[in-house]
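my_file_10.cif (mmCIF, C-alpha atoms) appears below.
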data_run
#
loop_
_atom_site.label_atom_id
_atom_site.label_comp_id
_atom_site.auth_asym_id
_atom_site.auth_seq_id
_atom_site.Cartn_x
_atom_site.Cartn_y
_atom_site.Cartn_z
CA MET M 7 -12.91 -5.61 -0.31
CA TYR M 8 -14.50 -6.77 2.92
CA ASP M 9 -16.86 -9.69 3.49
CA THR M 10 -20.46 -8.47 3.44
CA ASP M 11 -21.84 -11.25 5.63
CA SER M 12 -22.71 -10.35 9.20
CA PRO M 13 -19.69 -10.46 11.50
CA THR M 14 -19.50 -13.24 14.03
CA GLU M 15 -20.27 -12.47 17.66
CA ILE M 16 -17.42 -10.78 19.53
CA ASP M 17 -15.85 -12.56 22.46
CA PRO M 18 -15.46 -9.82 25.12
CA SER M 19 -12.42 -11.58 26.57
CA ASP M 20 -10.62 -11.50 23.23
CA ILE M 21 -9.33 -7.95 22.91
CA GLY M 22 -7.17 -8.53 19.86
CA SER M 23 -3.49 -7.74 19.69
CA ARG M 24 -1.47 -5.22 17.73
CA ILE M 25 2.29 -5.45 17.34
CA ASP M 26 5.12 -3.24 16.14
CA PRO M 27 4.42 -2.44 12.46
CA VAL M 28 8.07 -3.23 11.71
CA LEU M 29 7.28 -6.87 12.53
CA ALA M 30 3.61 -6.94 11.54
CA ARG M 31 2.55 -9.93 9.44
CA SER M 32 -1.23 -9.55 8.92
CA TRP M 33 -2.54 -6.17 7.72
CA LEU M 34 -6.34 -6.36 7.84
CA LEU M 35 -8.28 -4.06 5.51
CA VAL M 36 -11.66 -2.97 6.90
CA ASN M 37 -14.21 -1.10 4.81
CA GLY M 38 -14.51 2.42 6.19
CA ALA M 39 -18.10 2.63 4.95
CA GLN M 40 -19.13 -0.19 7.29
CA PRO M 41 -18.55 1.09 10.85
CA GLU M 42 -20.45 -1.85 12.30
CA ARG M 43 -17.37 -3.92 11.45
CA PHE M 44 -14.82 -1.76 13.25
CA GLU M 45 -15.22 -3.30 16.69
CA HIS M 46 -15.09 -6.81 15.28
CA ALA M 47 -11.87 -6.00 13.44
CA SER M 48 -10.32 -4.57 16.61
CA HIS M 49 -10.86 -7.94 18.32
CA SER M 50 -9.30 -9.90 15.47
CA ARG M 51 -5.93 -11.61 15.24
CA ALA M 52 -4.66 -8.91 12.88
CA ASP M 53 -1.23 -7.52 13.72
CA ILE M 54 -2.36 -4.21 12.17
CA VAL M 55 -5.90 -3.02 11.41
CA VAL M 56 -6.16 -0.74 8.35
CA PHE M 57 -9.41 1.11 7.81
CA ASP M 58 -9.91 1.45 4.07
CA ILE M 59 -11.37 4.66 2.70
CA GLU M 60 -9.91 4.08 -0.76
CA ASP M 61 -10.58 1.05 -2.97
CA ALA M 62 -13.33 -0.45 -0.80
CA VAL M 63 -15.44 2.71 -0.87
CA ALA M 64 -17.51 4.08 -3.76
CA PRO M 65 -16.86 7.75 -4.64
CA LYS M 66 -20.27 8.82 -3.31
CA ASP M 67 -19.45 7.28 0.09
CA LYS M 68 -15.91 8.64 0.52
CA ASP M 69 -16.88 11.52 2.80
CA SER M 70 -19.04 9.43 5.12
CA ALA M 71 -16.42 6.64 5.28
CA ARG M 72 -13.78 9.19 6.25
CA GLU M 73 -16.08 10.56 8.96
CA ASN M 74 -16.63 7.02 10.30
CA VAL M 75 -12.90 6.44 10.61
CA VAL M 76 -12.21 9.83 12.19
CA ARG M 77 -14.95 9.16 14.75
CA TRP M 78 -13.38 5.78 15.56
CA MET M 79 -9.95 7.35 16.00
CA ASN M 80 -11.34 10.11 18.21
CA ASP M 81 -12.82 7.44 20.46
CA GLY M 82 -9.29 6.58 21.55
CA HIS M 83 -8.03 4.19 18.87
CA SER M 84 -4.73 4.40 17.01
CA ASP M 85 -5.19 2.20 13.97
CA TRP M 86 -3.96 2.63 10.40
CA VAL M 87 -5.89 4.01 7.43
CA ARG M 88 -5.57 3.33 3.72
CA ILE M 89 -6.13 6.72 2.14
CA ASN M 90 -6.78 7.74 -1.44
CA GLY M 91 -3.83 8.24 -3.74
CA PHE M 92 -1.97 11.47 -4.36
CA GLY M 93 -3.67 13.47 -7.09
CA THR M 94 -7.16 12.10 -6.44
CA PRO M 95 -9.96 14.47 -5.33
CA TRP M 96 -9.94 12.91 -1.84
CA TRP M 97 -6.24 12.79 -0.92
CA ALA M 98 -5.99 16.23 0.70
CA ALA M 99 -9.28 15.86 2.58
CA ASP M 100 -8.20 12.46 3.92
CA ILE M 101 -4.97 13.93 5.25
CA ASP M 102 -6.57 17.04 6.73
CA ALA M 103 -9.16 15.00 8.61
CA LEU M 104 -6.79 12.33 9.90
CA ALA M 105 -4.04 14.76 10.94
CA LYS M 106 -6.16 15.72 13.94
CA THR M 107 -6.55 12.13 15.19
CA SER M 108 -4.44 9.55 17.04
CA LEU M 109 -3.52 7.95 13.71
CA GLY M 110 -1.23 4.92 13.88
CA GLY M 111 -0.04 5.12 10.29
CA ILE M 112 -1.03 5.53 6.65
CA MET M 113 -1.21 3.05 3.79
CA LEU M 114 -0.96 5.34 0.76
CA ALA M 115 -2.68 3.94 -2.32
CA MET M 116 -1.42 4.05 -5.90
CA VAL M 117 2.11 5.26 -5.21
CA GLU M 118 3.89 5.85 -8.52
CA SER M 119 6.63 8.32 -7.67
CA VAL M 120 8.69 9.72 -4.83
CA ASP M 121 6.65 12.91 -4.50
CA HIS M 122 3.52 10.90 -3.71
CA VAL M 123 5.22 9.81 -0.50
CA THR M 124 7.15 12.97 0.31
CA GLU M 125 4.13 15.26 -0.10
CA THR M 126 2.07 12.99 2.13
CA ALA M 127 4.86 12.86 4.71
CA ARG M 128 5.22 16.64 4.63
CA ARG M 129 1.57 17.04 5.57
CA LEU M 130 1.61 14.18 8.09
CA PRO M 131 5.00 14.55 9.81
CA ASP M 132 6.11 11.65 12.01
CA VAL M 133 3.34 9.37 10.70
CA PRO M 134 4.69 6.11 9.21
CA ILE M 135 3.67 5.57 5.58
CA VAL M 136 3.33 2.23 3.83
CA ALA M 137 3.73 2.91 0.12
CA LEU M 138 1.24 0.72 -1.74
CA VAL M 139 2.68 0.16 -5.22
CA GLU M 140 0.02 -1.09 -7.62
CA THR M 141 1.07 -0.29 -11.20
CA ALA M 142 3.83 -0.93 -13.71
CA ARG M 143 4.82 2.72 -13.43
CA GLY M 144 5.18 2.38 -9.68
CA LEU M 145 7.17 -0.84 -9.96
CA GLU M 146 9.62 0.81 -12.36
CA ARG M 147 10.28 3.46 -9.71
CA ILE M 148 10.17 1.23 -6.66
CA THR M 149 13.84 1.70 -5.74
CA GLU M 150 13.38 5.47 -5.52
CA ILE M 151 10.04 5.09 -3.72
CA ALA M 152 11.63 2.81 -1.12
CA ALA M 153 14.41 5.34 -0.51
CA ALA M 154 12.02 8.31 -0.27
CA LYS M 155 11.92 10.25 2.96
CA GLY M 156 8.77 9.11 4.71
CA THR M 157 8.51 5.57 3.32
CA PHE M 158 8.17 3.14 6.21
CA ARG M 159 7.41 -0.09 4.34
CA LEU M 160 6.43 -1.16 0.83
CA ALA M 161 3.25 -3.06 0.00
CA PHE M 162 2.28 -4.86 -3.20
CA GLY M 163 -1.18 -4.03 -4.58
CA ILE M 164 -1.59 -7.24 -6.53
CA GLY M 165 -5.14 -6.77 -7.83
CA ASP M 166 -4.56 -3.39 -9.43
CA PHE M 167 -1.11 -4.44 -10.64
CA ARG M 168 -2.59 -7.40 -12.48
CA ARG M 169 -5.30 -5.21 -13.99
CA ASP M 170 -2.66 -2.71 -15.08
CA THR M 171 -0.30 -5.25 -16.61
CA GLY M 172 -2.56 -8.11 -17.68
CA PHE M 173 -0.54 -10.61 -15.61
CA GLY M 174 -2.16 -13.78 -14.28
CA GLU M 175 -2.19 -14.91 -10.66
CA ASN M 176 0.36 -17.72 -10.92
CA PRO M 177 3.19 -17.10 -8.43
CA SER M 178 5.79 -17.56 -11.16
CA THR M 179 4.14 -14.78 -13.19
CA LEU M 180 4.56 -12.33 -10.32
CA ALA M 181 8.02 -13.56 -9.29
CA TYR M 182 9.81 -10.62 -10.87
CA ALA M 183 7.53 -8.07 -9.22
CA ARG M 184 7.81 -9.65 -5.76
CA SER M 185 11.59 -9.83 -6.11
CA ARG M 186 11.71 -6.12 -6.95
CA PHE M 187 9.79 -5.31 -3.75
CA THR M 188 12.12 -7.36 -1.57
CA ILE M 189 15.31 -6.04 -3.15
CA ALA M 190 14.16 -2.41 -3.03
CA ALA M 191 13.16 -2.71 0.63
CA LYS M 192 16.47 -4.30 1.56
CA ALA M 193 18.52 -1.75 -0.38
CA ALA M 194 16.69 1.10 1.39
CA ASN M 195 17.14 -0.56 4.80
CA LEU M 196 13.37 -0.87 5.27
CA PRO M 197 11.50 -3.71 6.97
CA SER M 198 10.62 -6.41 4.45
CA ALA M 199 7.75 -5.73 2.07
CA ILE M 200 4.07 -6.56 2.59
CA ASP M 201 2.55 -8.88 0.00
CA GLY M 202 -0.87 -8.37 -1.52
CA PRO M 203 -4.06 -10.15 -0.48
CA THR M 204 -5.41 -13.54 -1.44
CA VAL M 205 -9.05 -13.61 -2.49
CA GLY M 206 -11.14 -16.48 -1.15
CA SER M 207 -11.58 -18.17 2.18
CA SER M 208 -9.83 -21.49 1.59
CA ALA M 209 -7.37 -22.00 4.43
CA LEU M 210 -5.20 -24.20 2.20
CA LYS M 211 -5.08 -21.60 -0.58
CA LEU M 212 -4.22 -18.88 1.92
CA SER M 213 -1.54 -20.99 3.58
CA GLU M 214 0.04 -21.70 0.20
CA ALA M 215 -0.08 -17.99 -0.65
CA ALA M 216 1.62 -17.07 2.63
CA ALA M 217 4.33 -19.62 1.84
CA VAL M 218 4.88 -17.90 -1.51
CA SER M 219 5.20 -14.54 0.28
CA ALA M 220 7.77 -15.99 2.67
CA GLU M 221 9.68 -17.62 -0.18
CA PHE M 222 10.13 -14.20 -1.76
CA GLY M 223 11.32 -12.65 1.50
CA MET M 224 8.10 -10.75 2.19
CA THR M 225 7.22 -10.69 5.88
CA GLY M 226 3.74 -9.15 5.80
CA LYS M 227 0.52 -9.79 3.89
CA ILE M 228 -2.67 -7.84 3.39
CA CYS M 229 -5.77 -9.66 4.68
CA LEU M 230 -9.33 -9.14 3.49
CA THR M 231 -11.26 -10.76 6.35
CA PRO M 232 -10.49 -11.26 10.05
CA ASP M 233 -10.43 -15.04 9.69
CA GLN M 234 -7.46 -14.79 7.29
CA CYS M 235 -5.21 -13.24 9.92
CA ALA M 236 -4.38 -16.32 12.00
CA THR M 237 -3.35 -18.30 8.91
CA VAL M 238 -1.19 -15.45 7.62
CA ASN M 239 0.42 -14.95 11.03
CA GLU M 240 1.30 -18.62 11.22
CA GLY M 241 2.62 -18.73 7.67
CA LEU M 242 4.87 -15.70 8.16
CA SER M 243 6.22 -16.70 11.57
CA PRO M 244 9.21 -18.96 12.21
CA SER M 245 8.13 -22.59 11.97
CA GLN M 246 8.67 -25.09 14.75
CA ASP M 247 11.31 -26.76 12.61
CA GLU M 248 13.17 -23.46 12.23
CA ILE M 249 12.94 -22.75 15.95
CA SER M 250 14.23 -26.24 16.75
CA TRP M 251 17.12 -25.80 14.33
CA ALA M 252 18.05 -22.44 15.88
CA ARG M 253 17.99 -23.84 19.41
CA GLU M 254 20.04 -26.87 18.42
CA PHE M 255 22.54 -24.70 16.58
CA PHE M 256 23.14 -22.47 19.59
CA ALA M 257 23.36 -25.49 21.91
CA GLU M 258 26.04 -27.05 19.69
CA PHE M 259 27.81 -23.73 19.17
CA GLU M 260 28.03 -23.00 22.88
CA ALA M 261 29.02 -26.58 23.71
CA ALA M 262 31.96 -26.14 21.32
CA GLY M 263 33.15 -23.09 23.23
CA GLY M 264 31.14 -20.35 21.55
CA GLU M 265 34.00 -19.37 19.27
CA ILE M 266 33.72 -18.61 15.55
CA ARG M 267 35.13 -21.64 13.78
CA ASN M 268 34.78 -20.65 10.13
CA GLY M 269 33.00 -18.23 7.83
CA SER M 270 29.81 -20.30 7.76
CA ASP M 271 29.22 -19.68 11.47
CA LEU M 272 28.43 -15.99 10.99
CA PRO M 273 25.44 -16.37 8.64
CA ARG M 274 24.14 -19.26 10.76
CA ILE M 275 24.42 -17.16 13.92
CA ALA M 276 22.55 -14.35 12.16
CA ARG M 277 19.80 -16.69 10.95
CA ALA M 278 19.40 -18.47 14.29
CA THR M 279 19.31 -15.19 16.21
CA LYS M 280 16.70 -13.74 13.87
CA ILE M 281 14.51 -16.85 14.15
CA LEU M 282 14.56 -16.84 17.96
CA ASP M 283 14.08 -13.08 18.21
CA LEU M 284 11.07 -13.22 15.90
CA ALA M 285 9.65 -16.22 17.74
CA ARG M 286 9.85 -14.33 21.02
CA SER M 287 8.33 -11.20 19.46
CA TYR M 288 5.40 -13.24 18.15
CA GLY M 289 4.97 -15.11 21.44
CA ILE M 290 5.72 -18.57 20.09
CA THR M 291 8.70 -19.57 22.24
CA SER M 292 8.63 -21.12 25.67
CA SER M 293 10.46 -19.45 28.53
CA GLU M 294 12.97 -22.27 28.86
CA TYR M 295 14.46 -21.24 25.53
CA ASP M 296 14.38 -17.48 26.08
CA ASP M 297 18.12 -17.30 26.58
CA ASP M 298 19.81 -14.12 25.44
CA HIS M 299 22.03 -15.39 22.64
CA ARG M 300 24.34 -12.51 21.76
CA PRO M 301 26.50 -13.22 18.71
CA PRO M 302 30.02 -11.88 18.51
CA PRO M 303 30.17 -8.37 17.04
CA THR M 304 31.09 -8.24 13.37
CA ASP M 305 30.62 -5.84 10.49
CA THR M 306 28.91 -8.54 8.48
CA PHE M 307 26.33 -9.47 11.11
CA HIS M 308 22.96 -7.82 10.59
CA TYR M 309 19.37 -8.66 9.93
#
Rendering of file as structure tokens:
Amino acid sequence: MYDTDSPTEIDPSDIGSRIDPVLARSWLLVNGAQPERFEHASHSRADIVVFDIEDAVAPKDKDSARENVVRWMNDGHSDWVRINGFGTPWWAADIDALAKTSLGGIMLAMVESVDHVTETARRLPDVPIVALVETARGLERITEIAAAKGTFRLAFGIGDFRRDTGFGENPSTLAYARSRFTIAAKAANLPSAIDGPTVGSSALKLSEAAAVSAEFGMTGKICLTPDQCATVNEGLSPSQDEISWAREFFAEFEAAGGEIRNGSDLPRIARATKILDLARSYGITSSEYDDDHRPPPTDTFHY
């Protein structure tokens, strides 16, 4: 799950940056059995760091990986952890150990039904849970999983899903599945879903994969190595063309008096506002354009 080569030297001046998990684009998985990588991950460009004590860790190493992560959390960190799925021999122990830490959130593996989330939430109250759906059974129940009390966001476990279904990796093959994630998240009023990882280090391949995620309305993506994070962040942020369009739209709209002219203005106001708000949240707008564009109130305006 995580690159086994030695990590590059840490730049002490680069302390990394975490953002609101509602807006988080890059979700970096870090092998919990390799504590020497924790510090490096914390200095990465990941929006969210997720220590993995599930798929990346062999059964014989589960206990020691959990101890590594608990020790890291007790040293004053508040990162996320991917824990073992409900019904596995390690689920309860993962929860019991992490409940006593400054846990940022949980990525729950192999979610296939509502009770997987609700039972986890009951034992970890007030801890956000990303439901990682990785099987055909889970996909068939994704609407109910999204609406479950405790579900914070949905994530697509592509590798296990393909193994379960026999699907290939072509984006068109997984179009139905990705659409289900986006629709279920929207219907449940959740932040947009997190897409699965892309294996390999090719920047072009990763950039194309991030574009596919964005095309399907997914606003986050799991990363497997720290060097994937910057590419994912760029691919899932508003582009310069989108930012320019939004600025130009508001300039024209305000020059025309700032009044709603027809029904097409409302969706354009919503889109332009979302683009500029996201750009500011991700730190990619200049101060000269940080005007507070407040659209007219309307029942149909939301994002």
Quick check, in Å to one decimal: how far apart do CA of Thr126 in chain M and CA of Ala191 in chain M lie?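 For CA of Thr126 in chain M relative to CA of Ala191 in chain M, the distance reads 19.3 Å.
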Expansion of the PyMOL selection byres ((chain M and resi 52) around 12) into residues, as a PyMOL selection string: chain M and resi 21-27+30-36+46-51+53-56+85-86+226-240
Here is a test: counting all atoms listed in the file, which residue of M:Leu29, M:Ala105, M:Ala62, M:Ala154 is nearest to Thr225 in chain M?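 Selected residue with least distance to Thr225 in chain M: M:Leu29.
Using all atoms listed in the file, the smallest distance between any of M:Asp283, M:Asp58, M:Glu150, M:Asp81 and Ala193 in chain M comes from M:Glu150.
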Evaluating the PyMOL selection byres ((chain M and resi 124) around 12) on the displayed file yields which residues, as an MDAnalysis selection string? chainID M and resid 92 114 117:123 125:137 150:158
Using all atoms listed in the file, which of M:Asp166, M:Arg72, M:Ile189, M:Ser84 sits nearest Ala98 in chain M?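 Answer, going by the shortest atom-to-atom distance: M:Arg72.
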Pairwise distance for CA of Ile275 in chain M and CA of Phe255 in chain M, rounded to one decimal in Å: 8.2 Å
Can you pull out every residue within 12 Å of Lys66 in chain M, counting only C-alpha atoms, but drop anything in the same chain fewer than 6 positions away, and send it as a list in words?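 Counting only C-alpha atoms, the residues come to Ala39, Ile59, Glu60, Arg72, Pro95 and Trp96 of chain M.
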Please report, as JSON, the centre and edge lengths in Å to one decimal of an axis-aligned box covering all listed atoms of range 189-204 of chain M with 8 Å per side.
{"center_x": 6.6, "center_y": -6.2, "center_z": 1.9, "size_x": 39.9, "size_y": 30.6, "size_z": 26.1}
Test item: which residues lie within 8 Å of (-1.7, -1.7, -8.1) counting all atoms listed in the file, as a PyMOL selection string: chain M and resi 116+138-142+162-170
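Going from CA of Gln246 in chain M to CA of Thr204 in chain M covers 24.4 Å.
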Measuring atom to atom with all atoms listed in the file, identify which of M:Asn268, M:Thr94, M:Ser185, M:Thr171 is nearest to Ser198 in chain M. M:Ser185
Which is closer to Ala209 in chain M than all the others in M:Pro177, M:Pro273, M:Pro41, M:Gly241, using only C-alpha atoms? M:Gly241
Using only C-alpha atoms, pick whichever of M:Lys280, M:Arg184, M:Lys192, M:Arg88 has the shortest atom-to-atom distance to Thr149 in chain M. M:Lys192
The residues within 7 Å of (7.5, -17.0, 14.6), using only C-alpha atoms and the coordinates of the file, should be reported as a PDB file with C-alpha atoms, in the frame of the given file; which are they?
ATOM      1  CA  SER M 243       6.220 -16.700  11.570  1.00  0.00           C
ATOM      2  CA  PRO M 244       9.210 -18.960  12.210  1.00  0.00           C
ATOM      3  CA  SER M 245       8.130 -22.590  11.970  1.00  0.00           C
ATOM      4  CA  LEU M 284      11.070 -13.220  15.900  1.00  0.00           C
ATOM      5  CA  ALA M 285       9.650 -16.220  17.740  1.00  0.00           C
ATOM      6  CA  TYR M 288       5.400 -13.240  18.150  1.00  0.00           C
ATOM      7  CA  ILE M 290       5.720 -18.570  20.090  1.00  0.00           C
TER       8      ILE M 290
END
